[in-house]
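Structure data (compact mmCIF, C-alpha atoms) from query16.txt:
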```
# COMPACT_ATOMS: atom_id res chain seq x y z
CA MET A 257 126.13 -5.98 229.86
CA ARG A 258 129.14 -5.64 227.58
CA LYS A 259 130.17 -8.67 225.56
CA PRO A 260 133.60 -9.37 224.08
CA ILE A 261 133.87 -9.33 220.31
CA THR A 262 136.29 -11.55 218.45
CA ALA A 263 137.78 -10.05 215.31
CA ARG A 264 140.34 -11.35 212.87
CA GLY A 265 142.07 -8.04 212.35
CA PHE A 266 141.64 -4.46 211.27
CA ARG A 267 141.06 -2.54 208.08
CA GLY A 268 142.03 1.06 207.44
CA MET A 269 140.04 3.74 209.24
CA ASN A 270 136.74 5.12 207.94
CA ASN A 271 135.33 8.21 209.65
CA LEU A 272 132.60 9.19 207.20
CA PRO A 273 129.03 9.50 208.54
CA ASP A 274 127.69 7.03 205.98
CA ALA A 275 130.19 4.31 206.99
CA PRO A 276 128.65 0.87 207.68
CA ALA A 277 126.99 0.77 211.10
CA HIS A 278 128.08 -2.76 211.93
CA LEU A 279 131.39 -3.21 213.74
CA LEU A 280 132.66 -6.24 211.83
CA ASP A 281 132.60 -6.83 208.09
CA ASP A 282 132.06 -10.13 206.32
CA GLU A 283 135.68 -11.11 207.00
CA ARG A 284 135.22 -10.25 210.70
CA ARG A 285 137.62 -7.30 210.52
CA ILE A 286 137.14 -4.06 212.41
CA THR A 287 137.10 -0.72 210.59
CA PRO A 288 138.14 1.89 213.19
CA THR A 289 136.74 5.41 213.10
CA ILE A 290 140.08 6.80 214.30
CA ALA A 291 143.54 5.28 213.87
CA LEU A 292 145.95 7.47 215.81
CA ASN A 293 149.73 6.86 215.73
CA VAL A 294 149.26 3.37 214.30
CA GLU A 295 149.72 1.80 210.90
CA VAL A 296 147.15 -0.68 209.58
CA THR A 297 148.86 -3.33 207.49
CA ASP A 298 147.34 -5.30 204.62
CA GLY A 299 147.31 -8.31 206.93
CA GLY A 300 144.93 -6.56 209.31
CA VAL A 301 147.50 -5.92 212.05
CA LEU A 302 147.87 -2.64 213.94
CA LEU A 303 151.46 -1.50 214.40
CA LYS A 304 152.36 1.36 216.70
CA ARG A 305 154.25 4.05 214.88
CA PRO A 306 157.77 4.45 216.25
CA GLY A 307 158.99 7.81 217.44
CA PHE A 308 161.79 9.89 215.99
CA ALA A 309 165.17 10.87 217.38
CA ARG A 310 166.36 14.46 216.99
CA LYS A 311 169.59 14.57 215.01
CA VAL A 312 170.05 18.25 214.19
CA VAL A 313 168.79 21.43 215.87
CA LEU A 314 167.77 24.11 213.35
CA VAL A 315 165.82 27.31 213.91
CA GLY A 316 162.74 27.86 211.75
CA CYS A 317 163.54 24.91 209.51
CA HIS A 318 161.37 24.45 206.40
CA SER A 319 161.56 23.36 202.75
CA ILE A 320 163.34 20.07 203.49
CA TRP A 321 164.32 18.19 200.33
CA ALA A 322 166.49 15.14 199.75
CA GLY A 323 167.70 14.08 196.33
CA SER A 324 171.35 13.21 195.99
CA VAL A 325 171.90 15.67 198.88
CA MET A 326 169.65 16.97 201.68
CA LEU A 327 168.84 20.67 201.62
CA CYS A 328 166.61 22.86 203.77
CA VAL A 329 166.14 26.49 204.80
CA ALA A 330 166.77 27.52 208.41
CA GLY A 331 167.24 30.97 209.88
CA GLY A 332 167.08 32.53 206.41
CA GLU A 333 169.98 30.38 205.16
CA LEU A 334 170.05 27.54 202.65
CA CYS A 335 171.64 24.59 204.49
CA ARG A 336 173.09 21.26 203.45
CA VAL A 337 172.58 18.45 205.96
CA GLU A 338 174.82 15.38 206.07
CA GLY A 339 174.14 13.14 209.04
CA ILE A 340 174.44 15.44 212.02
CA ALA A 341 176.59 18.00 210.19
CA VAL A 342 175.00 21.20 208.83
CA SER A 343 176.72 23.64 206.48
CA GLU A 344 175.27 26.99 205.41
CA LEU A 345 175.45 27.53 201.64
CA CYS A 346 173.92 30.98 201.08
CA GLY A 347 171.24 33.35 202.24
CA VAL A 348 167.66 33.00 201.00
CA THR A 349 166.52 36.59 200.53
CA GLY A 350 163.03 38.01 200.57
CA PRO A 351 159.98 37.06 202.64
CA SER A 352 159.90 33.56 204.07
CA ALA A 353 158.30 31.18 201.55
CA ARG A 354 158.52 27.51 200.66
CA VAL A 355 161.48 26.71 198.40
CA ASN A 356 161.02 24.17 195.58
CA TYR A 357 163.78 22.02 194.09
CA ALA A 358 164.48 20.19 190.82
CA GLU A 359 167.67 18.14 190.40
CA ILE A 360 169.02 17.79 186.86
CA ASP A 361 172.38 16.03 186.49
CA SER A 362 174.75 17.68 189.00
CA LEU A 363 172.67 20.86 189.43
CA VAL A 364 169.79 21.52 191.81
CA TYR A 365 167.51 24.34 190.66
CA MET A 366 165.83 26.11 193.59
CA GLY A 367 163.36 28.90 194.04
CA ASN A 368 160.30 30.49 195.60
CA PRO A 369 158.35 33.60 194.51
CA TYR A 370 161.10 35.91 195.88
CA TRP A 371 164.40 34.07 195.38
CA THR A 372 166.09 31.68 192.94
CA GLY A 373 169.42 29.87 192.83
CA VAL A 374 171.29 26.85 191.50
CA TYR A 375 173.28 24.53 193.75
CA ASP A 376 176.24 22.93 191.97
CA ARG A 377 176.96 19.63 193.73
CA VAL A 378 180.39 19.29 192.11
CA ARG A 379 181.58 22.72 193.27
CA ASP A 380 179.48 22.64 196.46
CA ALA A 381 178.43 26.21 195.75
CA VAL A 382 175.30 28.21 194.91
CA ARG A 383 175.10 30.57 191.96
CA PRO A 384 172.24 32.59 190.43
CA TRP A 385 169.65 30.78 188.32
CA GLY A 386 170.15 32.49 185.00
CA VAL A 387 172.56 35.29 184.11
CA PRO A 388 171.43 38.93 184.61
CA LEU A 389 170.86 40.97 181.46
CA PRO A 390 173.52 43.55 180.51
CA PRO A 391 172.98 47.28 179.91
CA ALA A 392 172.37 48.88 176.54
CA PRO A 393 175.50 49.65 174.49
CA ASP A 394 176.85 53.21 174.70
CA ILE A 395 177.92 53.80 171.09
CA GLY A 396 180.17 56.25 169.28
CA LEU A 397 181.81 56.39 165.85
CA ALA A 398 185.48 55.64 165.15
CA ALA A 399 187.73 55.07 162.16
CA GLY A 400 187.10 51.77 160.44
CA ASP A 401 186.03 49.79 157.40
CA LEU A 402 182.34 49.18 158.15
CA PRO A 403 180.20 50.15 155.12
CA PRO A 404 177.66 52.92 155.69
CA GLY A 405 174.18 51.83 156.72
CA ARG A 406 172.05 51.14 159.78
CA TYR A 407 173.39 48.65 162.37
CA SER A 408 171.70 47.16 165.42
CA LEU A 409 173.83 46.18 168.41
CA CYS A 410 173.37 44.63 171.85
CA TYR A 411 175.36 43.03 174.65
CA THR A 412 175.11 39.71 176.44
CA THR A 413 176.72 38.77 179.75
CA ILE A 414 178.84 35.63 180.04
CA GLN A 415 179.49 33.95 183.41
CA GLY A 416 181.53 30.76 183.20
CA ASP A 417 179.72 28.53 180.72
CA SER A 418 176.44 30.45 181.01
CA LEU A 419 175.28 33.12 178.56
CA SER A 420 172.60 35.68 179.33
CA GLY A 421 169.92 36.95 177.06
CA ASN A 422 170.44 40.17 175.19
CA GLY A 423 170.17 43.57 176.78
CA PRO A 424 168.46 46.51 175.04
CA ILE A 425 169.12 46.70 171.29
CA MET A 426 170.54 50.01 170.07
CA GLN A 427 170.95 51.33 166.55
CA VAL A 428 173.61 53.42 164.86
CA ALA A 429 173.61 54.71 161.27
CA TRP A 430 175.71 56.89 159.00
CA GLU A 431 176.11 57.76 155.34
CA GLY A 432 179.09 58.43 153.13
CA MET A 433 182.45 56.83 153.85
CA ALA A 434 183.21 53.70 155.90
CA GLN A 435 183.40 54.07 159.67
CA GLY A 436 183.96 52.02 162.81
CA ILE A 437 181.92 51.72 166.02
CA GLN A 438 183.29 52.58 169.45
CA LEU A 439 181.80 50.62 172.39
CA LYS A 440 182.13 52.97 175.36
CA ASN A 441 180.77 50.65 178.10
CA LEU A 442 181.80 47.14 177.05
CA GLY A 443 182.50 45.22 180.25
CA ASP A 444 184.97 42.38 180.70
CA ASP A 445 182.04 39.95 181.02
CA HIS A 446 180.17 41.30 177.97
CA LEU A 447 179.96 40.08 174.39
CA CYS A 448 178.76 42.37 171.61
CA TRP A 449 176.41 41.26 168.83
CA ILE A 450 175.76 43.22 165.63
CA THR A 451 173.70 42.98 162.44
CA HIS A 452 174.84 43.53 158.87
CA PRO A 453 174.34 47.08 157.58
CA ASP A 454 170.91 46.22 156.18
CA GLY A 455 169.68 44.75 159.49
CA GLY A 456 168.67 41.13 160.00
CA ASP A 457 169.96 38.67 162.59
CA LEU A 458 172.49 39.53 165.27
CA PHE A 459 175.93 37.94 165.01
CA LEU A 460 178.96 37.97 167.31
CA ALA A 461 180.94 41.12 166.65
CA ASP A 462 184.70 41.16 166.10
CA VAL A 463 185.83 43.64 168.79
CA ASP A 464 189.48 44.73 168.96
CA GLY A 465 191.54 45.65 172.01
CA LEU A 466 190.28 49.25 171.90
CA ASP A 467 186.66 48.09 172.21
CA GLN A 468 186.05 49.03 168.60
CA ILE A 469 184.32 47.22 165.74
CA THR A 470 186.24 48.11 162.59
CA GLY A 471 185.99 45.04 160.32
CA GLN A 472 183.67 44.77 157.34
CA ALA A 473 181.43 41.91 158.59
CA PRO A 474 180.58 40.15 161.87
CA SER A 475 181.30 36.49 162.47
CA ILE A 476 178.92 33.70 161.43
CA GLU A 477 177.97 32.92 165.06
CA ARG A 478 174.31 33.89 165.48
CA LEU A 479 173.03 35.15 168.87
CA PRO A 480 171.45 32.06 170.52
CA THR A 481 169.79 33.85 173.45
CA LEU A 482 167.72 36.51 171.71
CA GLY A 483 164.78 37.43 173.97
CA VAL A 484 165.95 35.21 176.82
CA ASN A 485 165.45 36.24 180.48
CA PRO A 486 166.40 34.65 183.81
CA PRO A 487 163.46 32.87 185.48
CA PRO A 488 161.13 34.87 187.71
CA GLY A 489 160.19 33.60 191.14
CA PHE A 490 157.95 30.52 191.04
CA THR A 491 155.24 29.41 193.44
CA HIS A 492 155.97 25.85 192.31
CA PHE A 493 157.95 24.24 189.48
CA ARG A 494 158.86 20.82 188.10
CA HIS A 495 161.20 19.38 185.48
CA ALA A 496 159.56 17.46 182.62
CA PHE A 497 159.99 16.88 178.87
CA GLY A 498 163.32 18.70 178.77
CA ARG A 499 161.95 21.92 180.29
CA ILE A 500 161.34 23.61 183.63
CA TRP A 501 157.61 24.32 184.09
CA GLY A 502 156.89 26.97 186.71
CA ALA A 503 153.75 28.49 188.24
CA SER A 504 153.92 32.28 188.45
CA GLY A 505 150.60 33.93 189.26
CA ARG A 506 148.10 32.91 186.59
CA LYS A 507 150.79 31.81 184.12
CA LEU A 508 152.52 28.49 183.58
CA LEU A 509 155.96 29.47 182.30
CA TYR A 510 158.31 27.05 180.56
CA SER A 511 161.99 27.23 179.68
CA GLU A 512 163.57 26.72 176.30
CA PRO A 513 164.13 23.01 175.48
CA PHE A 514 167.03 21.64 177.57
CA GLN A 515 168.04 25.20 178.47
CA TYR A 516 166.79 25.44 182.03
CA GLU A 517 168.02 29.00 182.57
CA TRP A 518 166.50 30.51 179.42
CA PHE A 519 162.95 31.84 179.68
CA LYS A 520 161.32 33.96 176.99
CA ALA A 521 158.56 36.48 177.59
CA GLY A 522 156.10 34.66 175.34
CA ASN A 523 156.78 31.17 176.69
CA PHE A 524 153.77 30.68 178.96
CA LEU A 525 150.27 29.21 179.07
CA PRO A 526 147.59 31.48 180.63
CA PHE A 527 145.02 30.43 183.25
CA LEU A 528 142.13 32.17 184.98
CA GLU A 529 143.28 31.39 188.54
CA ASP A 530 146.55 31.66 190.46
CA LEU A 531 148.45 28.39 190.13
CA ALA A 532 149.74 26.37 193.09
CA LEU A 533 151.08 23.00 191.87
CA VAL A 534 152.58 21.47 188.72
CA ALA A 535 152.66 17.65 188.48
CA PRO A 536 154.14 15.89 185.42
CA VAL A 537 153.16 12.44 184.14
CA SER A 538 154.19 10.60 181.00
CA GLY A 539 151.22 11.93 179.00
CA GLY A 540 151.32 15.58 180.05
CA LEU A 541 150.98 17.82 183.10
CA PHE A 542 148.48 18.26 185.91
CA VAL A 543 148.26 21.94 186.86
CA ASN A 544 146.42 22.93 190.02
CA SER A 545 145.09 26.07 191.56
CA THR A 546 143.45 25.94 194.98
CA ARG A 547 140.06 25.60 193.26
CA SER A 548 140.69 23.76 189.97
CA THR A 549 142.76 20.98 188.44
CA TRP A 550 143.57 20.96 184.73
CA PHE A 551 145.23 18.30 182.64
CA LEU A 552 147.52 19.49 179.87
CA GLY A 553 147.75 16.66 177.36
CA GLY A 554 150.98 16.34 175.40
CA THR A 555 154.63 17.27 175.86
CA ASN A 556 154.97 20.21 173.44
CA PRO A 557 153.53 23.45 174.89
CA ALA A 558 152.54 24.64 171.42
CA LYS A 559 150.34 21.56 170.91
CA MET A 560 149.02 20.88 174.40
CA THR A 561 145.30 20.44 175.06
CA ILE A 562 143.96 21.93 178.32
CA ASN A 563 140.93 20.52 180.14
CA ARG A 564 139.58 21.22 183.62
CA ILE A 565 139.05 17.84 185.26
CA GLY A 566 138.50 18.48 188.97
CA ASP A 567 138.80 20.60 192.08
CA GLY A 568 142.01 22.19 193.25
CA ALA A 569 144.93 21.14 195.44
CA ILE A 570 146.31 22.22 198.81
CA PRO A 571 149.63 24.00 198.12
CA GLY A 572 152.75 22.11 199.17
CA THR A 573 151.16 18.63 199.30
CA LEU A 574 152.45 17.17 196.03
CA THR A 575 154.56 14.02 196.30
CA MET A 576 155.60 11.45 193.70
CA THR A 577 154.70 7.86 194.54
CA GLN A 578 154.97 4.51 192.80
CA VAL A 579 151.49 3.06 193.05
CA GLU A 580 149.92 3.22 189.59
CA GLY A 581 148.72 0.76 186.98
CA GLY A 582 147.13 1.76 183.69
CA GLY A 583 144.10 3.97 183.08
CA TYR A 584 142.10 4.52 186.27
CA GLU A 585 143.72 1.60 188.08
CA ILE A 586 145.74 2.29 191.22
CA SER A 587 147.47 -0.73 192.73
CA LYS A 588 150.63 -1.56 194.63
CA LYS A 589 150.85 -4.80 192.64
CA ALA A 590 150.59 -3.19 189.20
CA THR A 591 153.49 -2.05 187.06
CA GLN A 592 154.74 0.90 189.05
CA LEU A 593 155.49 4.34 187.65
CA PRO A 594 156.26 7.57 189.50
CA THR A 595 152.79 9.01 190.01
CA PRO A 596 151.77 12.40 191.48
CA VAL A 597 149.57 12.42 194.57
CA TRP A 598 148.34 15.55 196.34
CA LEU A 599 145.78 16.59 198.93
CA SER A 600 142.56 18.34 198.04
CA LYS A 601 139.56 19.27 200.16
CA HIS A 602 138.27 15.76 199.41
CA GLY A 603 141.43 13.97 200.63
CA PHE A 604 144.29 12.32 198.75
CA VAL A 605 144.08 12.47 194.94
CA ALA A 606 146.30 10.66 192.41
CA GLY A 607 146.82 11.84 188.85
CA THR A 608 147.16 8.93 186.43
CA HIS A 609 149.48 8.88 183.44
CA SER A 610 146.43 8.80 181.17
CA GLY A 611 145.22 12.15 182.54
CA HIS A 612 142.54 11.07 185.02
CA LEU A 613 142.02 11.71 188.73
CA VAL A 614 141.60 8.94 191.30
CA HIS A 615 140.31 9.92 194.75
CA LEU A 616 142.21 7.55 197.03
CA THR A 617 140.51 8.38 200.34
CA GLY A 618 137.37 10.31 199.41
CA ALA A 619 135.08 7.37 200.18
CA ARG A 620 136.68 6.57 203.55
CA LEU A 621 138.20 9.58 205.25
CA LYS A 622 136.90 13.00 206.22
CA LEU A 623 139.88 15.32 206.58
CA LEU A 624 139.98 18.90 207.77
CA PRO A 625 141.58 20.71 204.79
CA ARG A 626 143.83 23.67 205.47
CA SER A 627 145.41 26.34 203.33
CA GLN A 628 148.82 24.68 203.00
CA GLY A 629 150.66 21.48 203.77
CA SER A 630 153.52 19.14 202.97
CA ALA A 631 153.85 15.48 202.05
CA PHE A 632 156.38 12.80 201.19
CA TYR A 633 156.37 9.19 200.03
CA ARG A 634 158.33 6.37 201.61
CA VAL A 635 158.43 2.59 201.88
CA ARG A 636 158.81 1.43 205.49
CA ASP A 637 159.19 -2.27 206.29
CA GLY A 638 157.82 -3.06 202.85
CA ILE A 639 154.72 -0.88 203.35
CA PRO A 640 154.33 2.10 200.93
CA GLN A 641 153.20 5.20 202.76
CA ILE A 642 152.32 8.81 202.01
CA ILE A 643 152.87 11.03 205.05
CA ALA A 644 151.18 14.43 204.96
CA SER A 645 150.91 17.36 207.34
CA LEU A 646 148.48 20.27 207.02
CA GLY A 647 148.85 23.79 208.38
CA GLY A 648 147.61 27.31 207.89
CA HIS A 649 143.99 28.33 208.30
CA PRO A 650 141.14 25.80 207.97
CA LEU A 651 139.23 25.70 204.68
CA LYS A 652 136.06 24.50 206.38
CA ALA A 653 134.54 24.66 209.87
CA GLU A 654 136.38 23.01 212.75
CA GLY A 655 134.82 20.35 214.94
CA ASP A 656 135.40 16.83 213.65
CA ASP A 657 136.50 14.11 216.05
CA LEU A 658 140.04 13.87 214.80
CA GLN A 659 140.62 17.61 215.12
CA GLU A 660 139.30 17.46 218.70
CA ILE A 661 141.85 14.77 219.56
CA PHE A 662 144.69 16.85 218.12
CA THR A 663 143.48 19.93 219.99
CA ASN A 664 143.19 18.12 223.34
CA GLY A 665 146.31 16.04 222.86
CA ARG A 666 144.48 12.96 224.18
CA LEU A 667 142.58 10.11 222.59
CA PHE A 668 139.99 9.88 225.41
CA VAL A 669 139.05 12.91 227.47
CA PRO A 670 137.18 12.27 230.76
CA LYS A 671 133.89 14.04 231.35
CA PRO A 672 134.10 17.23 233.42
CA LEU A 673 133.50 17.24 237.15
CA ALA A 674 130.02 18.32 238.25
CA VAL A 675 129.57 20.52 241.37
CA ILE A 676 126.48 19.79 243.50
CA GLY A 677 125.58 22.42 246.10
CA SER A 678 128.44 23.46 248.33
CA GLY A 679 129.10 20.22 250.12
CA GLY A 680 131.42 18.50 247.66
CA VAL A 681 131.73 17.12 244.18
CA THR A 682 130.43 14.10 242.39
CA ILE A 683 132.83 12.45 239.95
CA SER A 684 130.89 10.96 237.06
CA ASN A 685 131.85 7.54 235.71
```
Transcribe the structure of this file into structure tokens.
Amino acid sequence: MRKPITARGFRGMNNLPDAPAHLLDDERRITPTIALNVEVTDGGVLLKRPGFARKVVLVGCHSIWAGSVMLCVAGGELCRVEGIAVSELCGVTGPSARVNYAEIDSLVYMGNPYWTGVYDRVRDAVRPWGVPLPPAPDIGLAAGDLPPGRYSLCYTTIQGDSLSGNGPIMQVAWEGMAQGIQLKNLGDDHLCWITHPDGGDLFLADVDGLDQITGQAPSIERLPTLGVNPPPGFTHFRHAFGRIWGASGRKLLYSEPFQYEWFKAGNFLPFLEDLALVAPVSGGLFVNSTRSTWFLGGTNPAKMTINRIGDGAIPGTLTMTQVEGGGYEISKKATQLPTPVWLSKHGFVAGTHSGHLVHLTGARLKLLPRSQGSAFYRVRDGIPQIIASLGGHPLKAEGDDLQEIFTNGRLFVPKPLAVIGSGGVTISN
């Protein structure tokens, strides 16, 4: 005979096999095995999660981000969403892939492995991230007052306030009398840079209206973008310590200090696995592959220490929360700092500002990890929440109770009907 049980409330769910067998704990609270479409408050109350109202219809919408503006990708177009109004900003070329964002001042840097761009909120327009490199100079000799010797020259491209890195460096030399240099392919958006006759640094050349360099010496303005390239496509990137840090294959690339469009070929840290996530904290960076997590201590890439500290992360699941105290402590009541949280095969993991990992749900929840996901942090009715969704192929065998509920679309599924002989059916229970 079933007996009623009196409880004083609920705790968060626990679906691990080694969970306590008794129904009530010492405070007479119930720990459910499954909590579906409800929120368990600190006071032990279950609240039904409200539904959502559709505001905007978009086809194939993904990569939703909201900083000072809301952006997403739909139908191969980058879109800005304001209320129920949607405006298309530009096309996102290449294969479909998750777009990452980093907002710095009035600019939003965007990119995936196949496409990059910068959204200017003031101009409400998208431009390339970084300026393309120019061609090599096509050089000839002309009359002039340049002393004989060997000169090196190159072009840069200028677009608005942005300057590209240098194109290929060419050399020209002569002996005897003074000469000038004819630039046969100097474009309207090009600047020319030249060395002194004995080589050395590149300086801005004094080019006349005939595209000739005829003076005796270049200006004193040294080329600031020597060796600079536009960024490649990134799997994931973040802004920290005055740089953009981006995952590209097995390299962690970083921009020049406070120059977020200048990347040099040697500015990277190598790893042994393809990188998936980059998560900054005040003391350094967490860098994740799907199998490993490293902590990079420090803020200067030339002085960073690198240590493997745990298993990997599920791509796309990084979100910044405000739930951390000092050291290993994680508490809503502690001094709160933006703290990275991501999903791994063990559940939710937080990276502390001291470079440690805290497994938030590993002792309570068994999740079915998948190959990709998404997550965001919010505070609803005073309750801090991390909402995550997983997709792609499973990383372990199917079959747990929660997955069965999602598959069936029902919390309780009645037992099947049993056929006895040919005279009828017996309905169990």
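With distances taken over all atoms listed in the file, A:Glu512 is the one residue among A:Asp454, A:Glu338, A:Glu344, A:Glu512 lying closest to Asn556 in chain A.
Taking only C-alpha atoms into account, the polymer residues that have an atom no farther than 7 Å from (136.8, -7.3, 209.5) are Ala263, Arg264, Gly265, Phe266, Arg267, Leu280, Asp281, Asp282, Glu283, Arg284, Arg285, Ile286 and Thr287 of chain A.
Put simply, CA of Thr481 in chain A is 13.6 Å away from CA of His446 in chain A.
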Would you be able to write out as a PDB file with C-alpha atoms, keeping the file's coordinate frame which residues have an atom within 10 Å of (179.2, 42.3, 157.9) in the file's coordinates, counting only C-alpha atoms?
```pdb
ATOM      1  CA  LEU A 402     182.340  49.180 158.150  1.00  0.00           C
ATOM      2  CA  PRO A 403     180.200  50.150 155.120  1.00  0.00           C
ATOM      3  CA  TYR A 407     173.390  48.650 162.370  1.00  0.00           C
ATOM      4  CA  ILE A 450     175.760  43.220 165.630  1.00  0.00           C
ATOM      5  CA  THR A 451     173.700  42.980 162.440  1.00  0.00           C
ATOM      6  CA  HIS A 452     174.840  43.530 158.870  1.00  0.00           C
ATOM      7  CA  PRO A 453     174.340  47.080 157.580  1.00  0.00           C
ATOM      8  CA  ASP A 454     170.910  46.220 156.180  1.00  0.00           C
ATOM      9  CA  GLY A 455     169.680  44.750 159.490  1.00  0.00           C
ATOM     10  CA  PHE A 459     175.930  37.940 165.010  1.00  0.00           C
ATOM     11  CA  ALA A 461     180.940  41.120 166.650  1.00  0.00           C
ATOM     12  CA  ASP A 462     184.700  41.160 166.100  1.00  0.00           C
ATOM     13  CA  GLY A 471     185.990  45.040 160.320  1.00  0.00           C
ATOM     14  CA  GLN A 472     183.670  44.770 157.340  1.00  0.00           C
ATOM     15  CA  ALA A 473     181.430  41.910 158.590  1.00  0.00           C
ATOM     16  CA  PRO A 474     180.580  40.150 161.870  1.00  0.00           C
ATOM     17  CA  SER A 475     181.300  36.490 162.470  1.00  0.00           C
ATOM     18  CA  ILE A 476     178.920  33.700 161.430  1.00  0.00           C
TER      19      ILE A 476
END
```
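Interatomic distance, CA of Met576 in chain A to CA of Val597 in chain A: 6.2 Å.
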When you look at Gln438 in chain A with a cut-off of 6 Å (counting only C-alpha atoms), what residues show up, excluding the ones that are within fewer than 4 positions of it in the same chain? I need them as a ChimeraX atom specification. /A:395-398,468
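Nearest residue to Gly367 in chain A, choosing from A:Pro404, A:Gly629, A:Gly268, A:Gly489 and counting only C-alpha atoms: A:Gly489.
CA of Ile570 in chain A sits 23.2 Å away from CA of Ala330 in chain A.
Omitting range 523-539 of chain A and its sequence neighbours fewer than 5 positions away, and counting all atoms listed in the file, the residues within 7 Å are A:Thr491, A:His492, A:Phe493, A:Arg494, A:Ala496, A:Ala503, A:Ser504, A:Gly505, A:Arg506, A:Lys507, A:Leu508, A:Leu509, A:Tyr510, A:Asn544, A:Ser545, A:Thr546, A:Gly553, A:Gly554, A:Pro571, A:Thr595, A:Pro596, A:His609, A:Ser610, A:Gly611.
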Long-range neighbours of Tyr375 in chain A as JSON, numbers by chain, 9 Å cut-off, only C-alpha atoms, 5 positions minimum in chain: {"A": [345, 362, 363, 364, 365, 366, 380, 381, 382, 383, 384]}
Find the spatial neighbours of range 413-425 of chain A, counting all atoms listed in the file, within a cut-off of 9 Å - ignore same-chain residues fewer than 5 positions away - and output them as a PyMOL selection string. chain A and resi 386-393+408+443+445-447+449+479-486+517-518
Tell me, as a ChimeraX atom specification, which residues lie within 6 Å of Thr549 in chain A, counting only C-alpha atoms; anything in the same chain fewer than 3 positions away does not count. /A:543-544,564-568
Restricting the output to C-alpha atoms, write the selected residues as a PDB file, in the frame of the given file.
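Done, and the output landed in part-v5.pdb:
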```pdb
ATOM      1  CA  VAL A 543     148.260  21.940 186.860  1.00  0.00           C
ATOM      2  CA  ASN A 544     146.420  22.930 190.020  1.00  0.00           C
ATOM      3  CA  ARG A 564     139.580  21.220 183.620  1.00  0.00           C
ATOM      4  CA  ILE A 565     139.050  17.840 185.260  1.00  0.00           C
ATOM      5  CA  GLY A 566     138.500  18.480 188.970  1.00  0.00           C
ATOM      6  CA  ASP A 567     138.800  20.600 192.080  1.00  0.00           C
ATOM      7  CA  GLY A 568     142.010  22.190 193.250  1.00  0.00           C
TER       8      GLY A 568
END
```
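You can rank A:Phe519, A:Ser630, A:Trp501, A:Gly299 by their closest distance to His318 in chain A using all atoms listed in the file, and at the top of that list sits A:Ser630.
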